[in-house]
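Asker: The structure's right below; bear with me while I get my questions together.
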There are 4 protein chains.
Amino acid sequence: MTNGIRRRLRLGMVGGGAGSFIGGVHRIAARLDDQYELVAGALSSDPARALQSAAELHIAPDRAYTAFEAMAAAEAARPDGIDVVAIVTPNGSHAAICMAFLRAGIAVICDKPLTTSLQSGLEIAAIVQDRRLPFILTHNYSGYPMIREARARVAAGELGAIRVVQVEYPQEWLAEAAEAGANKQAAWRTDPARSGPAGSVGDIGTHAHHLAGFVTGLELESVSADLSSFVPGRRLDDDARMLLRYRGGARGMLWCSQVAIGHDNGLRLRVYGERGALQWVQAEPDTLHVTPLGQPTQRLRRGMPGLGREAAAATRIPAGHPEGYLEAFAQIYREAAHLLHAHLAAERMPMEAALLPGMKDGLQGMAFIEAVLQSHAQDGRWTALQPVPG
Amino acid sequence: MTNGIRRRLRLGMVGGGAGSFIGGVHRIAARLDDQYELVAGALSSDPARALQSAAELHIAPDRAYTAFEAMAAAEAARPDGIDVVAIVTPNGSHAAICMAFLRAGIAVICDKPLTTSLQSGLEIAAIVQDRRLPFILTHNYSGYPMIREARARVAAGELGAIRVVQVEYPQEWLAEAAEAGANKQAAWRTDPARSGPAGSVGDIGTHAHHLAGFVTGLELESVSADLSSFVPGRRLDDDARMLLRYRGGARGMLWCSQVAIGHDNGLRLRVYGERGALQWVQAEPDTLHVTPLGQPTQRLRRGMPGLGREAAAATRIPAGHPEGYLEAFAQIYREAAHLLHAHLAAERMPMEAALLPGMKDGLQGMAFIEAVLQSHAQDGRWTALQPVPG
Amino acid sequence: MTNGIRRRLRLGMVGGGAGSFIGGVHRIAARLDDQYELVAGALSSDPARALQSAAELHIAPDRAYTAFEAMAAAEAARPDGIDVVAIVTPNGSHAAICMAFLRAGIAVICDKPLTTSLQSGLEIAAIVQDRRLPFILTHNYSGYPMIREARARVAAGELGAIRVVQVEYPQEWLAEAAEAGANKQAAWRTDPARSGPAGSVGDIGTHAHHLAGFVTGLELESVSADLSSFVPGRRLDDDARMLLRYRGGARGMLWCSQVAIGHDNGLRLRVYGERGALQWVQAEPDTLHVTPLGQPTQRLRRGMPGLGREAAAATRIPAGHPEGYLEAFAQIYREAAHLLHAHLAAERMPMEAALLPGMKDGLQGMAFIEAVLQSHAQDGRWTALQPVPG
Amino acid sequence: MTNGIRRRLRLGMVGGGAGSFIGGVHRIAARLDDQYELVAGALSSDPARALQSAAELHIAPDRAYTAFEAMAAAEAARPDGIDVVAIVTPNGSHAAICMAFLRAGIAVICDKPLTTSLQSGLEIAAIVQDRRLPFILTHNYSGYPMIREARARVAAGELGAIRVVQVEYPQEWLAEAAEAGANKQAAWRTDPARSGPAGSVGDIGTHAHHLAGFVTGLELESVSADLSSFVPGRRLDDDARMLLRYRGGARGMLWCSQVAIGHDNGLRLRVYGERGALQWVQAEPDTLHVTPLGQPTQRLRRGMPGLGREAAAATRIPAGHPEGYLEAFAQIYREAAHLLHAHLAAERMPMEAALLPGMKDGLQGMAFIEAVLQSHAQDGRWTALQPVPG
């Protein structure tokens with residue numbers, strides 16, 4: 001950093017080669033605010049694909065790796081080694097890759113869910129704690145400006161004590177057995193070996209769980225869950241319905257589904273308090289509806305006057321020019337950059353990074369998954385989430 | 001009847017005097033298609049109000065009663081006595097009034113829920129069965145044309161086997177302790193003595209339960225329920241969240257709330273099947289969204305070409321001129337008129353009345369309430385609904 | 001009237017027999033609030049249809065007429081003659097029928113547009129003025145509660161001086177040559193002999209013009225119009241586009257179309273002032289969106305707290321139970337009843353009737369049509385509306 | 001290019017320093033698909049700001065210019081000089097800057113409108129023609145995937161012959177005299193010296209004009225316009241209303257406004273043909289509503305099956321994860337990259353660039369502005385657009 005101008009961070013990536021969806025998203029997100037340059041990668045477990053993908057991404061040949069272990073070692077050894085690695089592989093390999101890089105002293109940006117069991121999550125957490133390394137989990141929906149506005153308003157007491165949380169994440173894409181064909185995304189997401197023991201619950205239920213907690217500031221205490229695998233032959237849940245109890249008395253419902261025809265990615269959150277309510281829908285993410293008790297619903301729009309600094313800080317362009325998923329994802333990377341620069345300079349976590357999802361969110365996600373599976377196994381019995389450190 | 005032109009039916013009413021909400025609705029509904037004339041009433045338990053209300057409604061003084069028992073007796077004795085009585089009192093008095101008129105041989109149109117326990121419901125049912133009298137329960141939302149269209153499409157298999165039902169009925173109006181003031185509607189609806197043991201579940205949850213069953217043709221097998229009384233001092237539930245299991249394998253969720261700020265009467269139904277899905281929202285009742293698997297969502301509108309005869313039969317004016325709650329309610333009265341004329345002529349139930357909610361719906365509603373309350377009392381244990389005759 | 005309870009008004013009807021759309025609407029509107037009884041009619045120019053339709057409507061045989069002239073004479077001579085006649089025939093016959101009843105001393109409720117030329121409108125107006133009889137024109141959209149709320153807010157200055165008015169009324173139903181088939185509505189509406197010289201402009205453009213003036217209180221000064229008859233062979237305009245200039249400086253645009261695929265009856269009004277704006281759409285008539293300058297848009301709903309007495313006076317059921325077209329139409333009849341009772345009692349026009357559309361609105365509609373046609377004939381030249389008395 | 005992998009293009013920028021809105025947009029757009037690197041800039045007419053902005057953007061000091069003329073000369077002389085310059089200054093300086101770079105042999109990406117008069121536009125066009133250089137005009141709304149889908153469907157005849165085009169672009173931001181304060185955007189956009197003779201018409205009316213032409217493939221023949229400057233003291237139009245006549249018989253309306261309270265950037269296009277209609281709204285850009293004649297409206301969503309290759313080519317992430325303004329803008333840059341690489345390789349224009357807005361669009365925009373101003377000056381007389389080459 002000179003004259004207050006920070007250099008671009010050196011980013012590595014594991015996974016995300018040709019055929020990946022989320023790898024490209026991470027790269028755009030990293031690029032959007034020009035605070036990273038992608039300089040190294042082990043982009044595929046298939047060596048040829050790894051190297052070809054690296055070349056297409058302008059990664060220098062000597063930093064195009066065919067195995068993450070080698071990459072962690074080599075990058076840790078370079079004077080211009082990566083500042084952070086983005087891990088964008090299927091869930092089942094997150095733990096091993098996280099540990100390799102963390103042990104090499106390299107900070108991590110990991111896609112969600114953290115891993116496939118609370119136990120392995122705790123093992124990763126122990127290393128993070130030990131090495132005091134930045135660890136970011138890309139619960140990207142928390143990066144939407146109007147989600148930030150929602151959180152700020154709840155935190156300021158505008159809704160009063162929360163009574164009811166309604167959150168849902170319905171999708172259509174697995175309404176048929178897409179995994180039987182060539183759909184790579186469908187294949188690993190319905191395969192317990194790569195996805196872990198939860199299907200829709202792990203893939204999108206964790207997003208819904210995180211988003212509700214992020215906005216309300218409430219901690220989920222227990223769940224009563226009913227899971228289905230509607231598509232014949234499917235080995236993981238493709239639809240899950242839950243009742244929620246939060247600490248402090250709030251109640252709620254959560255629905256996630258991969259067989260909900262008519263929804264592409266219908267993430268929606270509604271929060272009802274004693275003095276007001278709010279609603280946000282991903283399909284129109286720049287809008288937040290807020291209703292004060294006994295008054296008309298207000299349509300708040302990203303970028304308009306009267307919003308708080310949290311929303312403003314996550315906004316790039318004027319109101320009415322729609323921002324979307326990539327910008328929200330980029331917000332995670334933007335704030336991760338603040339955190340990483342502070343880490344490099346041995347400074348405290350900057351305010352801008354205070355909302356970043358990280359290890360605790362990851363562990364809570366694993367506790368959520370395990371409680372849901374356990375409740376379902378016990379015919380919907382109310383099941384408490386395991387407490388997590390952090 | 002002469003020349004195929006039917007006379008207007010003679011209608012009596014119990015309840016519905018000044019200050020009532022639903023009484024006026026029943027009267028407009030009866031008037032809309034000009035098949036009834038209101039000729040008698042015991043409109044209030046307060047004699048002065050009963051007589052004044054009757055005069056305002058142009059009821060002849062000799063048919064303005066101050067007690068329903070007297071009315072039942074007198075009307076049964078008149079050669080021009082009423083053909084049917086509409087019962088629009090609080091739930092707690094439905095049973096006694098129903099029985100008085102049924103025993104006097106007079107057909108009944110009763111507001112929902114049927115009564116306050118399955119047991120008393122069965123007693124009414126026994127008389128109806130014994131006397132073979134028409135009995136209509138005003139689950140009025142089933143009268144909407146696009147609800148009829150939805151039902152027809154599900155019945156025709158357009159959605160394939162149903163997987164998930166999502167139904168909700170949120171309201172704001174009891175978010176504070178309105179019953180503490182002069183709000184007559186709030187007072188009786190939160191009073192166990194007048195409303196029965198269920199609050200929101202009885203008042204609006206039964207509507208949601210009925211609507212979901214009406215459209216899908218599915219029978220609810222068991223529920224897992226979590227109830228709340230969020231407003232301090234409230235004696236009945238004002239918010240209820242449930243997981244649903246239908247016979248045949250469909251699953252679902254039901255939410256009803258009287259504390260959901262921002263919703264005036266947010267009844268909404270979504271049904272997801274193997275081959276398609278549909279959504280209907282009361283706020284825009286002339287619209288039905290239907291999504292075939294893998295295809296765009298279609299916006300069907302009441303009155304447009306391509307809809308079935310069920311919707312057409314419930315339609316009065318061209319597409320785009322919005323119809324609403326009163327017209328849907330009137331549909332129940334219109335079809336009740338068909339049934340009553342057939343009864344008077346000792347004919348079989350006409351096809352037009354085949355969709356009319358009646359005694360079985362009322363008993364199912366009571367079984368639903370009782371299963372919900374029992375599940376809640378057992379911390380959400382899955383509880384089967386009692387089977388009902390009919 | 002006894003004890004403050006008013007008798008039902010005796011209503012006659014000309015037109016509205018089998019196959020009519022608007023006749024049935026008027027009858028339901030008259031019935032909804034139970035302030036009228038239909039006792040006489042000349043329901044069709046076809047004698048057999050007239051008598052059959054009368055019988056179906058429970059009109060006594062001696063008051064089922066086959067010609068409006070005879071009806072006017074006979075009813076005027078009866079001690080129990082009609083208090084008011086509803087004229088629901090095609091535009092081309094309005095003038096003759098109006099004059100027959102007015103000359104017989106009978107008040108008139110006339111469907112819009114008033115007639116087929118400003119000149120004949122002025123002739124009707126002269127008789128109304130001479131006989132001092134109530135005359136109501138059913139610009140029914142002005143009866144919607146949220147339109148009343150909109151008007152009240154503009155009148156109270158909430159929007160500041162109006163700058164721009166955007167009003168449109170698109171329909172799809174004549175996108176093809178429906179008049180070539182058996183569609184009776186299409187046939188007369190596209191026939192200059194029955195509809196007058198304007199097509200879409202007369203049928204729906206006048207509604208849009210009236211609604212904009214009703215809500216804003218502004219008087220249209222001049223128009224620049226471009227008309228089309230898109231469907232080959234059509235003799236009247238089926239799409240019209242206009243620029244508007246209002247007295248006082250407001251500007252606007254008006255679009256009416258009968259060939260706009262995708263719109264059933266897409267009436268929409270938007271008004272922009274110096275300090276705020278509002279939007280209303282018929283498809284969801286219980287909602288009014290209001291935006292104060294620099295603030296979020298508010299979603300006002302019929303029946304909620306905070307609305308004015310004008311909206312409340314036009315409301316029958318609680319918020320969230322949708323009201324629609326028939327209720328708005330009934331509001332015209334309800335207020336006409338106030339006016340007619342006052343007239344019968346030789347009292348001044350009651351406050352409740354102050355918003356009723358009448359003769360002046362009818363004449364302004366004719367001036368609008370004539371200015372539009374003249375502007376179009378002169379290639380869009382700005383053309384002033386003729387001033388009208390009243 | 002090696003192994004089919006293209007190098008990043010070297011991008012320069014004129015304008016876009018601190019305080020600019022559109023400069024940052026261009027940079028993100030260029031970065032999103034990683035096909036450009038920003039290596040040079042004359043980012044402000046204020047030298048200190050120019051250099052500071054360049055440093056913040058990681059531009060090397062020797063390529064941080066304080067004047068565009070010097071930049072054009074120096075970059076043209078470098079072996080690693082820029083491949084293309086992005087011009088993001090106020091309209092009034094476009095012509096001089098375009099000419100400087102074009103004369104230096106450098107391709108141009110210019111923000112819209114092209115310049116401030118048709119005459120100066122033709123001068124730029126002459127140089128482009130003479131030098132045979134790529135010239136891209138950032139009519140960015142044409143980059144939205146669902147706009148591409150709309151265009152493809154119209155081109156395929158799905159709507160039949162077009163009858164009516166309705167396009168509007170309302171904004172609220174200049175409803176008060178924002179130019180009187182420190183709002184830099186407002187200051188130049190309301191200043192004839194910097195913005196040219198048109199206000200809202202030039203700034204957003206040209207976008208609406210372009211979008212309608214892009215989607216329909218129709219050429220605007222003549223306009224009848226009425227312009228207003230509603231805010232006291234404003235020197236340029238802030239609201240314009242127009243009737244449109246397209247070659248071939250289609251008709252339309254266009255409204256642009258900077259004083260339309262409640263709209264942030266309410267761009268909306270509706271197209272009505274003989275056999276179908278479509279609607280697109282920028283607030284939810286991933287959705288396109290299409291209505292076939294007599295059938296339900298369909299809600300098409302970016303990324304779903306059944307869309308054409310044009311939409312697919314402009315799509316980055318799966319359906320339901322919203323894309324927005326930046327992605328659409330980036331699409332222009334992505335296709336410009338195809339064109340620039342082809343130019344560098346002396347190849348023909350690649351198919352991917354066929355939809356790129358360029359010089360002809362710019363000239364048509366200037367002809368549009370001039371016809372609008374002239375029509376307004378002649379009280380709305382229908383005024384033909386000047387024909388333009390290309």
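Labels used: A, B, ... for chains in the order of the structure tokens, numbers from 1 for residues in each chain, and numbers from 1 for ligands as shown.
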Hey, which bits of chain B sit within 7 Å of chain D, and for each residue what's the closest pair of atoms and how far apart in Å (one decimal), counting only C-alpha atoms, rows by chain and increasing number, as JSON lines?
Answerer:
```
{"residue": "B:Gly294", "atom": "CA", "partner": "D:Pro305", "partner_atom": "CA", "distance": 6.7}
{"residue": "B:Pro296", "atom": "CA", "partner": "D:Leu300", "partner_atom": "CA", "distance": 5.4}
{"residue": "B:Thr297", "atom": "CA", "partner": "D:Arg299", "partner_atom": "CA", "distance": 5.2}
{"residue": "B:Gln298", "atom": "CA", "partner": "D:Gln298", "partner_atom": "CA", "distance": 4.6}
{"residue": "B:Arg299", "atom": "CA", "partner": "D:Thr297", "partner_atom": "CA", "distance": 5.2}
{"residue": "B:Leu300", "atom": "CA", "partner": "D:Pro296", "partner_atom": "CA", "distance": 5.4}
{"residue": "B:Pro305", "atom": "CA", "partner": "D:Gly294", "partner_atom": "CA", "distance": 6.7}
```
Asker: Would you put the residues from that selection into a file with all heavy atoms, as a PDB file, in the first residue's frame?
Answerer:
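Done, and the output landed in selection10.pdb:
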```pdb
ATOM      1  N   GLY B 294     -40.843 -27.324 -16.385  1.00  0.00           N
ATOM      2  CA  GLY B 294     -39.868 -26.897 -17.380  1.00  0.00           C
ATOM      3  C   GLY B 294     -40.343 -25.814 -18.325  1.00  0.00           C
ATOM      4  O   GLY B 294     -39.639 -25.481 -19.274  1.00  0.00           O
ATOM      5  N   PRO B 296     -42.604 -21.878 -18.970  1.00  0.00           N
ATOM      6  CA  PRO B 296     -42.876 -20.605 -18.288  1.00  0.00           C
ATOM      7  C   PRO B 296     -44.162 -20.658 -17.480  1.00  0.00           C
ATOM      8  O   PRO B 296     -45.100 -21.372 -17.832  1.00  0.00           O
ATOM      9  CB  PRO B 296     -43.044 -19.605 -19.447  1.00  0.00           C
ATOM     10  CG  PRO B 296     -42.513 -20.271 -20.657  1.00  0.00           C
ATOM     11  CD  PRO B 296     -42.617 -21.740 -20.422  1.00  0.00           C
ATOM     12  N   THR B 297     -44.192 -19.884 -16.430  1.00  0.00           N
ATOM     13  CA  THR B 297     -45.422 -19.699 -15.672  1.00  0.00           C
ATOM     14  C   THR B 297     -46.443 -18.968 -16.533  1.00  0.00           C
ATOM     15  O   THR B 297     -46.111 -18.008 -17.223  1.00  0.00           O
ATOM     16  CB  THR B 297     -45.119 -18.897 -14.390  1.00  0.00           C
ATOM     17  OG1 THR B 297     -44.249 -19.679 -13.568  1.00  0.00           O
ATOM     18  CG2 THR B 297     -46.382 -18.567 -13.625  1.00  0.00           C
ATOM     19  N   GLN B 298     -47.671 -19.458 -16.482  1.00  0.00           N
ATOM     20  CA  GLN B 298     -48.761 -18.823 -17.229  1.00  0.00           C
ATOM     21  C   GLN B 298     -49.675 -18.084 -16.265  1.00  0.00           C
ATOM     22  O   GLN B 298     -50.003 -18.592 -15.203  1.00  0.00           O
ATOM     23  CB  GLN B 298     -49.581 -19.879 -17.976  1.00  0.00           C
ATOM     24  CG  GLN B 298     -48.780 -20.650 -18.997  1.00  0.00           C
ATOM     25  CD  GLN B 298     -49.636 -21.640 -19.739  1.00  0.00           C
ATOM     26  OE1 GLN B 298     -50.798 -21.817 -19.416  1.00  0.00           O
ATOM     27  NE2 GLN B 298     -49.057 -22.274 -20.737  1.00  0.00           N
ATOM     28  N   ARG B 299     -50.104 -16.940 -16.712  1.00  0.00           N
ATOM     29  CA  ARG B 299     -51.002 -16.113 -15.898  1.00  0.00           C
ATOM     30  C   ARG B 299     -52.412 -16.260 -16.453  1.00  0.00           C
ATOM     31  O   ARG B 299     -52.767 -15.605 -17.420  1.00  0.00           O
ATOM     32  CB  ARG B 299     -50.527 -14.658 -15.971  1.00  0.00           C
ATOM     33  CG  ARG B 299     -51.301 -13.677 -15.129  1.00  0.00           C
ATOM     34  CD  ARG B 299     -50.568 -12.328 -15.121  1.00  0.00           C
ATOM     35  NE  ARG B 299     -51.287 -11.312 -14.414  1.00  0.00           N
ATOM     36  CZ  ARG B 299     -52.094 -10.416 -15.005  1.00  0.00           C
ATOM     37  NH1 ARG B 299     -52.258 -10.427 -16.291  1.00  0.00           N
ATOM     38  NH2 ARG B 299     -52.718  -9.506 -14.282  1.00  0.00           N
ATOM     39  N   LEU B 300     -53.190 -17.117 -15.809  1.00  0.00           N
ATOM     40  CA  LEU B 300     -54.571 -17.309 -16.239  1.00  0.00           C
ATOM     41  C   LEU B 300     -55.453 -16.271 -15.561  1.00  0.00           C
ATOM     42  O   LEU B 300     -55.283 -15.969 -14.381  1.00  0.00           O
ATOM     43  CB  LEU B 300     -55.052 -18.708 -15.849  1.00  0.00           C
ATOM     44  CG  LEU B 300     -54.175 -19.878 -16.320  1.00  0.00           C
ATOM     45  CD1 LEU B 300     -54.776 -21.187 -15.822  1.00  0.00           C
ATOM     46  CD2 LEU B 300     -54.072 -19.892 -17.826  1.00  0.00           C
ATOM     47  N   PRO B 305     -60.453 -17.005 -22.610  1.00  0.00           N
ATOM     48  CA  PRO B 305     -60.669 -18.280 -23.280  1.00  0.00           C
ATOM     49  C   PRO B 305     -59.763 -19.367 -22.692  1.00  0.00           C
ATOM     50  O   PRO B 305     -58.709 -19.069 -22.151  1.00  0.00           O
ATOM     51  CB  PRO B 305     -60.260 -18.009 -24.731  1.00  0.00           C
ATOM     52  CG  PRO B 305     -60.146 -16.542 -24.872  1.00  0.00           C
ATOM     53  CD  PRO B 305     -59.906 -15.990 -23.503  1.00  0.00           C
TER      54      PRO B 305
END
```
Asker: From a DSSP pass on the backbone, collect the residues of segment 79-146 of chain B flagged as strand (DSSP E) and hand them back as a list of chain:residue names.
Answerer: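 Those residues are B:Val84, B:Val85, B:Ala86, B:Ile87, B:Ala107, B:Val108, B:Ile109, B:Cys110, B:Phe135, B:Ile136, B:Leu137.
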Asker: Have a look at atom CA of His210 of chain A and atom CA of Tyr325 of chain D and let me know their distance in Å, one decimal.
Answerer: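 Answer for the atom CA of His210 of chain A to atom CA of Tyr325 of chain D separation: 27.1 Å.
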Asker: List the spatial neighbours of Gly266 of chain C as a VMD selection string - criterion: any atom at most 12 Å away, only C-alpha atoms, same-chain residues fewer than 4 positions off excluded.
Answerer: (chain B and resid 319 to 322) or (chain C and resid 167 to 173 204 207 to 208 255 to 262 280 to 285)
Asker: What is the distance, in Å and to one decimal place, between atom CA of Leu9 of chain C and atom CA of His341 of chain C?
Answerer: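 Result for atom CA of Leu9 of chain C versus atom CA of His341 of chain C: 8.1 Å, one decimal.
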Asker: For atom CA of Thr138 of chain C and atom CA of His343 of chain C, determine how far apart the two atoms are, in Å to one decimal place.
Answerer: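 These atoms are spaced 18.6 Å apart.
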Asker: Name all residues at most 9 Å from segment 348-361 of chain B (count only C-alpha atoms; drop same-chain ones fewer than 5 positions away) and give them as number ranges by chain.
Answerer: B: 109-110, 114, 121, 124-125, 128, 134-140, 142-143, 148, 210, 214, 313, 332, 334-340, 342-343, 366, 388-390
